[in-house]
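For reference, input_37.cif (mmCIF, C-alpha atoms):
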```
data_input
loop_
_atom_site.label_atom_id
_atom_site.label_comp_id
_atom_site.auth_asym_id
_atom_site.auth_seq_id
_atom_site.Cartn_x
_atom_site.Cartn_y
_atom_site.Cartn_z
CA MET H 1 29.63 65.33 154.69
CA GLU H 2 31.14 65.25 158.14
CA LEU H 3 34.17 63.12 158.95
CA ASN H 4 34.12 62.02 162.57
CA TYR H 5 35.60 59.20 164.61
CA GLN H 6 32.69 56.86 163.91
CA ASN H 7 32.83 57.47 160.16
CA CYS H 8 36.58 56.82 160.16
CA LEU H 9 36.01 53.44 161.79
CA GLN H 10 33.27 52.58 159.30
CA LEU H 11 35.42 53.66 156.34
CA ALA H 12 38.40 51.60 157.53
CA PRO H 13 37.24 48.27 155.96
CA HIS H 14 36.69 49.97 152.60
CA ALA H 15 40.11 51.59 152.78
CA LEU H 16 41.67 48.24 153.71
CA VAL H 17 40.14 46.57 150.65
CA SER H 18 41.33 49.46 148.49
CA LEU H 19 44.89 49.15 149.81
CA ALA H 20 44.86 45.41 149.15
CA PHE H 21 43.82 46.01 145.54
CA VAL H 22 46.54 48.65 145.12
CA GLY H 23 49.06 46.19 146.54
CA SER H 24 48.18 43.74 143.76
CA ILE H 25 49.78 46.07 141.20
CA PHE H 26 52.44 47.68 143.41
CA PRO H 27 55.65 47.39 141.34
CA TYR H 28 58.00 47.06 144.33
CA LEU H 29 56.33 43.84 145.50
CA ASN H 30 57.28 40.55 143.91
CA ALA H 31 54.70 38.47 142.06
CA HIS H 32 53.93 36.28 145.07
CA TYR H 33 53.02 39.19 147.33
CA ARG H 34 51.05 40.94 144.59
CA SER H 35 49.02 37.78 144.14
CA LEU H 36 48.58 37.47 147.90
CA SER H 37 47.42 41.08 148.08
CA GLN H 38 44.81 40.50 145.38
CA GLN H 39 43.64 37.34 147.10
CA THR H 40 43.35 39.27 150.36
CA ALA H 41 41.20 41.97 148.74
CA HIS H 42 38.66 39.48 147.41
CA SER H 43 38.75 37.43 150.60
CA LEU H 44 37.98 40.55 152.63
CA LEU H 45 35.07 41.47 150.36
CA ALA H 46 33.74 37.92 150.61
CA LEU H 47 34.04 38.01 154.39
CA PHE H 48 32.37 41.40 154.73
CA TYR H 49 29.47 40.58 152.39
CA LEU H 50 28.89 37.14 153.84
CA VAL H 51 29.45 37.64 157.57
CA CYS H 52 28.91 41.31 158.41
CA PRO H 53 27.37 43.24 155.49
CA ARG H 54 25.35 45.42 157.86
CA CYS H 55 28.51 46.74 159.55
CA PHE H 56 30.50 46.94 156.32
CA LEU H 57 27.86 48.98 154.48
CA ALA H 58 26.46 50.97 157.42
CA VAL H 59 28.33 54.13 156.43
CA THR H 60 26.78 54.06 152.94
CA VAL H 61 23.14 54.35 154.03
CA THR H 62 21.04 56.68 156.16
CA SER H 63 19.11 53.94 157.96
CA ASN H 64 19.48 50.27 158.80
CA PHE H 65 19.26 47.40 156.35
CA ASN H 66 16.55 44.83 156.91
CA VAL H 67 17.07 41.07 156.81
CA LEU H 68 16.19 40.86 153.12
CA HIS H 69 18.90 43.38 152.21
CA ILE H 70 21.45 41.28 154.05
CA PHE H 71 20.18 38.10 152.42
CA LEU H 72 20.72 39.60 148.95
CA GLN H 73 24.11 41.07 149.87
CA ASN H 74 25.33 37.62 150.90
CA PHE H 75 25.17 36.47 147.28
CA ILE H 76 27.83 38.98 146.21
CA ALA H 77 30.28 37.11 148.43
CA ALA H 78 29.99 33.97 146.28
CA ALA H 79 31.79 35.50 143.30
CA HIS H 80 34.56 36.96 145.45
CA ILE H 81 35.07 33.58 147.13
CA GLY H 82 35.49 32.00 143.70
CA ILE H 83 37.95 34.68 142.58
CA ALA H 84 40.00 34.37 145.76
CA TYR H 85 40.08 30.59 145.40
CA TYR H 86 41.30 30.80 141.80
CA ILE H 87 44.03 33.29 142.67
CA ARG H 88 45.21 31.09 145.53
CA ALA H 89 45.14 27.94 143.38
CA THR H 90 47.24 29.53 140.63
CA ALA H 91 49.58 31.52 142.90
CA LYS H 92 52.44 29.03 142.54
CA SER H 93 52.05 28.67 138.79
CA GLU H 94 54.80 30.20 136.69
CA ALA H 95 52.40 30.86 133.82
CA ARG H 96 51.27 34.43 133.27
CA ASP H 97 47.77 35.51 134.18
CA GLU H 98 45.21 34.64 131.54
CA GLN H 99 44.27 37.79 129.66
CA GLY H 100 40.66 36.66 129.34
CA ILE H 101 40.27 36.37 133.10
CA ILE H 102 41.76 39.81 133.71
CA PHE H 103 39.44 41.27 131.07
CA ALA H 104 36.39 39.60 132.63
CA ARG H 105 37.25 40.91 136.08
CA ALA H 106 37.77 44.42 134.70
CA ILE H 107 34.37 44.37 132.96
CA THR H 108 32.71 43.04 136.11
CA ALA H 109 34.30 45.72 138.28
CA PHE H 110 33.25 48.41 135.80
CA MET H 111 29.66 47.20 135.75
CA SER H 112 29.63 47.06 139.55
CA ILE H 113 30.76 50.65 139.95
CA PHE H 114 28.45 51.74 137.12
CA THR H 115 25.45 50.10 138.79
CA LYS H 116 26.19 51.73 142.14
CA LEU H 117 26.79 55.17 140.64
CA PHE H 118 23.60 54.86 138.61
CA VAL H 119 21.66 54.09 141.79
CA ALA H 120 23.24 57.11 143.49
CA TRP H 121 22.18 59.34 140.60
CA HIS H 122 18.71 57.85 140.40
CA VAL H 123 18.09 58.28 144.12
CA SER H 124 19.32 61.88 144.07
CA GLU H 125 17.13 62.74 141.06
CA LYS H 126 14.00 60.67 141.64
CA GLY H 127 14.03 60.19 145.39
CA TYR H 128 13.76 56.86 147.14
CA LYS H 129 11.61 54.70 149.32
CA GLY H 130 12.99 52.56 152.09
CA VAL H 131 16.72 52.79 152.79
CA GLY H 132 18.43 55.96 151.55
CA ILE H 133 22.06 56.45 150.61
CA SER H 134 24.47 58.62 152.56
CA ASP H 135 27.11 61.07 151.35
CA TRP H 136 29.70 58.32 151.76
CA PHE H 137 28.02 55.91 149.36
CA VAL H 138 29.94 57.06 146.27
CA ILE H 139 33.27 57.27 148.11
CA CYS H 140 32.93 53.73 149.46
CA SER H 141 31.94 52.45 146.03
CA LEU H 142 35.03 54.07 144.51
CA LEU H 143 37.27 52.66 147.25
CA THR H 144 36.15 49.10 146.54
CA ASP H 145 34.74 48.59 143.04
CA GLY H 146 36.39 51.68 141.59
CA VAL H 147 39.89 50.70 142.71
CA TRP H 148 39.20 47.10 141.68
CA PHE H 149 38.34 48.28 138.17
CA LEU H 150 41.42 50.50 138.01
CA THR H 151 43.81 47.74 139.09
CA GLU H 152 42.34 45.15 136.72
CA THR H 153 42.52 47.63 133.82
CA LEU H 154 46.17 48.34 134.54
CA LYS H 155 46.88 44.60 134.75
CA PHE H 156 45.21 44.08 131.40
CA PHE H 157 47.53 46.54 129.67
CA LEU H 158 50.64 45.66 131.68
CA ASN H 159 50.29 41.89 131.44
CA ARG H 160 53.43 40.95 129.55
CA ARG H 161 53.01 38.58 126.64
CA THR H 162 55.66 37.40 124.22
CA PHE H 163 55.58 35.29 121.08
CA LYS H 164 57.40 32.57 123.00
CA ASP H 165 54.69 32.52 125.67
CA GLU H 166 51.98 32.13 123.06
CA VAL H 167 53.87 29.39 121.21
CA ASP H 168 54.51 27.52 124.47
CA GLU H 169 50.82 27.64 125.35
CA MET H 170 49.83 26.33 121.92
CA CYS H 171 52.42 23.55 122.17
CA LYS H 172 51.11 22.47 125.57
CA ARG H 173 47.55 22.41 124.28
CA THR H 174 48.57 20.47 121.15
CA THR H 175 50.52 17.96 123.24
CA LEU H 176 47.51 17.49 125.50
CA TRP H 177 45.33 16.48 122.56
CA LEU H 178 48.05 14.35 120.94
CA GLU H 179 48.35 12.37 124.16
CA GLY H 180 44.60 11.80 124.17
CA LYS H 181 44.04 13.82 127.33
CA GLY H 182 41.81 16.44 125.73
CA SER H 183 38.07 16.33 126.27
CA PHE H 184 35.21 17.77 124.28
CA TYR H 185 33.01 17.18 127.31
CA ALA H 186 35.13 19.62 129.28
CA GLU H 187 34.83 22.24 126.56
CA ASN H 188 31.09 21.74 126.34
CA SER H 189 30.81 22.13 130.10
CA PHE H 190 32.49 25.52 129.84
CA TYR H 191 30.05 26.58 127.13
CA ALA H 192 27.12 25.34 129.21
CA ASP H 193 28.34 27.31 132.20
CA ALA H 194 28.80 30.40 130.03
CA ALA H 195 25.23 30.10 128.73
CA LEU H 196 23.71 29.59 132.19
CA SER H 197 25.77 32.41 133.69
CA LEU H 198 24.85 34.78 130.87
CA LEU H 199 21.17 33.93 131.26
CA GLN H 200 21.44 34.49 134.99
CA ALA H 201 23.25 37.79 134.45
CA MET H 202 20.71 39.12 131.94
CA LEU H 203 17.67 38.13 134.00
CA HIS H 204 18.94 39.62 137.26
CA PHE H 205 20.30 42.81 135.71
CA ALA H 206 17.49 43.56 133.27
CA PHE H 207 14.49 42.35 135.29
CA PRO H 208 15.34 42.71 139.00
CA ASN H 209 11.79 43.69 139.96
CA HIS H 210 10.29 40.68 138.25
CA ILE H 211 12.88 38.29 139.68
CA LEU H 212 12.47 39.54 143.24
CA LYS H 213 8.68 39.61 143.09
CA LEU H 214 8.75 36.11 141.69
CA VAL H 215 11.01 34.50 144.28
CA ILE H 216 10.69 36.68 147.40
CA ARG H 217 7.79 36.34 149.79
CA SER H 218 5.12 38.97 149.22
CA GLU H 219 5.25 40.44 152.74
CA PHE H 220 8.63 42.03 151.99
CA THR H 221 8.43 45.54 150.52
CA LEU H 222 11.07 46.10 147.85
CA ASP H 223 13.12 49.31 147.63
CA SER H 224 15.96 50.65 145.48
CA HIS H 225 18.62 48.76 147.45
CA HIS H 226 16.91 45.42 146.88
CA ILE H 227 16.91 46.19 143.16
CA MET H 228 20.56 47.25 143.22
CA TRP H 229 21.80 44.11 144.98
CA CYS H 230 19.80 41.93 142.62
CA ARG H 231 21.44 43.69 139.67
CA LEU H 232 24.87 43.33 141.27
CA PHE H 233 24.32 39.59 141.52
CA GLY H 234 23.67 39.66 137.77
CA VAL H 235 26.88 41.62 137.28
CA MET H 236 28.84 39.00 139.22
CA SER H 237 27.29 36.31 137.02
CA LEU H 238 28.64 38.19 134.01
CA LEU H 239 32.15 37.42 135.27
CA SER H 240 31.78 33.66 134.89
CA SER H 241 29.94 33.95 131.58
CA ILE H 242 32.86 35.82 129.98
CA ILE H 243 35.55 33.59 131.46
CA SER H 244 33.78 30.31 130.69
CA LEU H 245 33.33 31.41 127.09
CA HIS H 246 37.12 31.64 126.72
CA ALA H 247 38.12 28.88 129.14
CA ARG H 248 38.66 26.28 126.40
CA HIS H 249 41.67 28.31 125.24
CA PHE H 250 43.26 28.43 128.69
CA SER H 251 46.21 26.30 129.67
CA PRO H 252 45.48 23.18 131.75
CA GLN H 253 47.16 24.95 134.70
CA ALA H 254 44.40 27.57 134.50
CA GLN H 255 41.43 25.44 133.44
CA ILE H 256 41.40 23.08 136.41
CA PRO H 257 41.66 25.80 139.12
CA TYR H 258 39.02 27.82 137.29
CA LEU H 259 36.69 24.84 137.20
CA ALA H 260 37.23 24.30 140.92
CA SER H 261 36.52 27.98 141.60
CA ARG H 262 33.24 27.72 139.69
CA LEU H 263 32.24 24.72 141.78
CA VAL H 264 33.06 26.63 144.96
CA THR H 265 31.01 29.63 143.81
CA GLN H 266 28.03 27.50 142.84
CA MET H 267 28.12 25.61 146.12
CA VAL H 268 28.04 28.90 148.04
CA ILE H 269 25.07 30.10 145.96
CA PHE H 270 23.34 26.77 146.42
CA GLY H 271 23.90 26.97 150.17
CA LEU H 272 22.49 30.50 150.35
CA ASN H 273 19.44 29.37 148.41
CA ASP H 274 18.74 26.78 151.08
CA ASP H 275 16.35 29.48 152.32
CA GLN H 276 16.75 28.71 155.99
CA PHE H 277 15.31 32.12 156.86
CA GLY H 278 12.19 31.74 154.73
CA TYR H 279 12.71 34.66 152.34
CA LEU H 280 11.79 32.78 149.16
CA ASP H 281 8.24 32.17 148.07
CA GLY H 282 8.16 28.42 147.62
CA ASP H 283 4.52 28.39 146.50
CA ARG H 284 5.24 30.48 143.41
CA LEU H 285 8.74 29.53 142.38
CA GLY H 286 11.06 29.16 145.34
CA GLY H 287 14.12 27.48 143.92
CA PHE H 288 14.54 29.46 140.68
CA VAL H 289 18.09 30.65 141.31
CA SER H 290 18.88 27.50 143.26
CA TRP H 291 17.82 25.41 140.27
CA MET H 292 20.13 27.32 137.93
CA SER H 293 23.12 26.96 140.24
CA ASP H 294 22.29 23.31 140.89
CA VAL H 295 22.15 22.52 137.17
CA SER H 296 25.52 24.18 136.59
CA CYS H 297 27.10 22.47 139.58
CA ASN H 298 25.75 19.04 138.66
CA GLY H 299 26.83 19.49 135.05
CA PHE H 300 30.42 20.15 136.07
CA THR H 301 30.36 17.26 138.51
CA ALA H 302 29.13 14.85 135.86
CA VAL H 303 31.82 15.92 133.39
CA TRP H 304 34.80 16.06 135.71
CA GLY H 305 33.82 13.50 138.32
CA VAL H 306 34.55 15.78 141.28
#
```
What does the file become when written as structure tokens?
Amino acid sequence: MELNYQNCLQLAPHALVSLAFVGSIFPYLNAHYRSLSQQTAHSLLALFYLVCPRCFLAVTVTSNFNVLHIFLQNFIAAAHIGIAYYIRATAKSEARDEQGIIFARAITAFMSIFTKLFVAWHVSEKGYKGVGISDWFVICSLLTDGVWFLTETLKFFLNRRTFKDEVDEMCKRTTLWLEGKGSFYAENSFYADAALSLLQAMLHFAFPNHILKLVIRSEFTLDSHHIMWCRLFGVMSLLSSIISLHARHFSPQAQIPYLASRLVTQMVIFGLNDDQFGYLDGDRLGGFVSWMSDVSCNGFTAVWGV
């Protein structure tokens, strides 16, 4: 593993993301700047995966990605856009971070790094076809997903909660229902989103070959990286399934921004599934993932009127 000038330049974006994640738990920064640092980390990941994944991930592989790799990598940006939006929307709130959201992000980060490390092991043991991984693959994965998992885990254990905080949250929720502002439709929409997201996560993580062969045009030859990015999309779907399952217990200050972040994420996924490059096989299934995201998006729109 040789470190030269070119490798340093290619590692710089990964190091920048890592530093931004570290800044989100840096004790000498106030809460505003820690939140801004976390938002920056997810915004950078969204930008890199959506705009320039080939450049961002070039150091991790031994050859060039094809257009289908890039198409699949774009979908990872959707979840990071949603996370960044939620962090920005709640940055001025005085309420503490919801423990359920921190837990969901920690699990998602762990599954992301686990998936990438499993691919690295599998390729080294079984060999590969198509695009191979470089010696920097594991290091880059640790700099992004590994540091993300570490910071979210620390936040989970360091997130300060008091009896007064819990009582205040329960009082706010009780007052909301006493004033007639509560909605069972809103709660049901969260459960519906959790179910759809969990289904999406299980299908893409457990059956990536079947999903890709079903929706991708047959002239594309699949390799281990196609499978990995399909599984990572399933991992990102796990994030929303966990959060939506607990969202009914969140404060109104957290529920509304979270709902908006889900709409943003689904709109990005829906836009990517527009298939302007002709990767999907419309004769066999075509809009499978698009249909799932469209159902979720339309369900939220019908409930909340946004």
### Task
Apply the PyMOL selection byres ((chain H and resi 237) around 7) to the structure shown and report the selected residues as a ChimeraX atom specification.
/H:197-198,200-201,233-236,238-241
### Task
One decimal, Å: what's the distance from atom CA of H:Ala46 over to atom CA of H:Gly132, could you say?
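So the answer is 23.7 Å.
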### Query
When the PyMOL selection byres ((chain H and resi 115-119) around 8) is applied to the file above, which residues end up in the set, as an MDAnalysis selection string?
chainID H and resid 111:114 120:123 138 141 224 228 231:232
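Evaluated against this file, the PyMOL selection byres ((chain H and resi 191) around 10) yields H:Tyr185, H:Ala186, H:Glu187, H:Asn188, H:Ser189, H:Phe190, H:Ala192, H:Asp193, H:Ala194, H:Ala195, H:Leu196, H:Ser197, H:Ser241, H:Ile243, H:Ser244, H:Leu245, H:His246, H:Ala247, H:Arg248.
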Go ahead and save the picked residues with C-alpha atoms, as a compact mmCIF listing (two decimals), keeping the file's coordinate frame.
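Ended up saving to selection-v8.txt:
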```
# COMPACT_ATOMS: atom_id res chain seq x y z
CA TYR H 185 33.01 17.18 127.31
CA ALA H 186 35.13 19.62 129.28
CA GLU H 187 34.83 22.24 126.56
CA ASN H 188 31.09 21.74 126.34
CA SER H 189 30.81 22.13 130.10
CA PHE H 190 32.49 25.52 129.84
CA ALA H 192 27.12 25.34 129.21
CA ASP H 193 28.34 27.31 132.20
CA ALA H 194 28.80 30.40 130.03
CA ALA H 195 25.23 30.10 128.73
CA LEU H 196 23.71 29.59 132.19
CA SER H 197 25.77 32.41 133.69
CA SER H 241 29.94 33.95 131.58
CA ILE H 243 35.55 33.59 131.46
CA SER H 244 33.78 30.31 130.69
CA LEU H 245 33.33 31.41 127.09
CA HIS H 246 37.12 31.64 126.72
CA ALA H 247 38.12 28.88 129.14
CA ARG H 248 38.66 26.28 126.40
```
### Task
Can you work out the spacing between atom CA of H:Leu263 and atom CA of H:Gly82 in Å, to one decimal?
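For atom CA of H:Leu263 relative to atom CA of H:Gly82, the distance reads 8.2 Å.
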### Task
May I ask which of the residues H:Arg262, H:Lys92, H:Arg161, H:His225 is the closest one to H:Gln73, counting all atoms listed in the file?
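For H:Gln73, the nearest of the given residues is H:His225.
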### Task
Using only C-alpha atoms, pick whichever of H:Gln99, H:Asn7, H:Ser251, H:Thr144 has the shortest atom-to-atom distance to H:Ala20.
H:Thr144
### Query
Which distance in Å separates atom CA of H:Val51 and atom CA of H:Leu150, to one decimal?
26.3 Å
### Query
Which residues, written as a VMD selection string, have at least one atom at most 9 Å from stretch 56-68 of chain H, with all atoms listed in the file counted and residues fewer than 5 positions away on the same chain left out?
chain H and resid 7 10 to 11 13 to 14 48 to 49 73 130 to 141 216 220 226 279
Restricting it to C-alpha atoms, dump the selection as a CSV table (one decimal), in the frame of the given file.
```
chain,number,residue,atom,x,y,z
H,7,ASN,CA,32.8,57.5,160.2
H,10,GLN,CA,33.3,52.6,159.3
H,11,LEU,CA,35.4,53.7,156.3
H,13,PRO,CA,37.2,48.3,156.0
H,14,HIS,CA,36.7,50.0,152.6
H,48,PHE,CA,32.4,41.4,154.7
H,49,TYR,CA,29.5,40.6,152.4
H,73,GLN,CA,24.1,41.1,149.9
H,130,GLY,CA,13.0,52.6,152.1
H,131,VAL,CA,16.7,52.8,152.8
H,132,GLY,CA,18.4,56.0,151.6
H,133,ILE,CA,22.1,56.4,150.6
H,134,SER,CA,24.5,58.6,152.6
H,135,ASP,CA,27.1,61.1,151.4
H,136,TRP,CA,29.7,58.3,151.8
H,137,PHE,CA,28.0,55.9,149.4
H,138,VAL,CA,29.9,57.1,146.3
H,139,ILE,CA,33.3,57.3,148.1
H,140,CYS,CA,32.9,53.7,149.5
H,141,SER,CA,31.9,52.4,146.0
H,216,ILE,CA,10.7,36.7,147.4
H,220,PHE,CA,8.6,42.0,152.0
H,226,HIS,CA,16.9,45.4,146.9
H,279,TYR,CA,12.7,34.7,152.3
```
### Residue nearest H:Ala77 among H:Thr175, H:Ala109, H:Leu50, H:Asp97 (counting all atoms listed in the file)
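Comparing H:Thr175, H:Ala109, H:Leu50, H:Asp97 against H:Ala77, the winner is H:Leu50.
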#### Entry: Using only C-alpha atoms: which of H:Cys8, H:Ala84, H:Ala31, H:Val22 has the shortest distance to H:Tyr258
H:Ala84
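Nearest to H:Pro257 of all the residues H:Phe103, H:Phe157, H:Phe75, H:Tyr85 is H:Tyr85, based on only C-alpha atoms.
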### Query
Closest to H:Phe21 among H:Lys164, H:Lys213, H:His69, H:His42, using all atoms listed in the file?
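Ranking H:Lys164, H:Lys213, H:His69, H:His42 by distance to H:Phe21, first place goes to H:His42.
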### Selection near stretch 209-211 of chain H, 9 Å with all atoms listed in the file, sequence-local residues under 4 positions removed, as JSON, numbers by chain
{"H": [203, 204, 215, 216, 222, 226, 227, 230]}
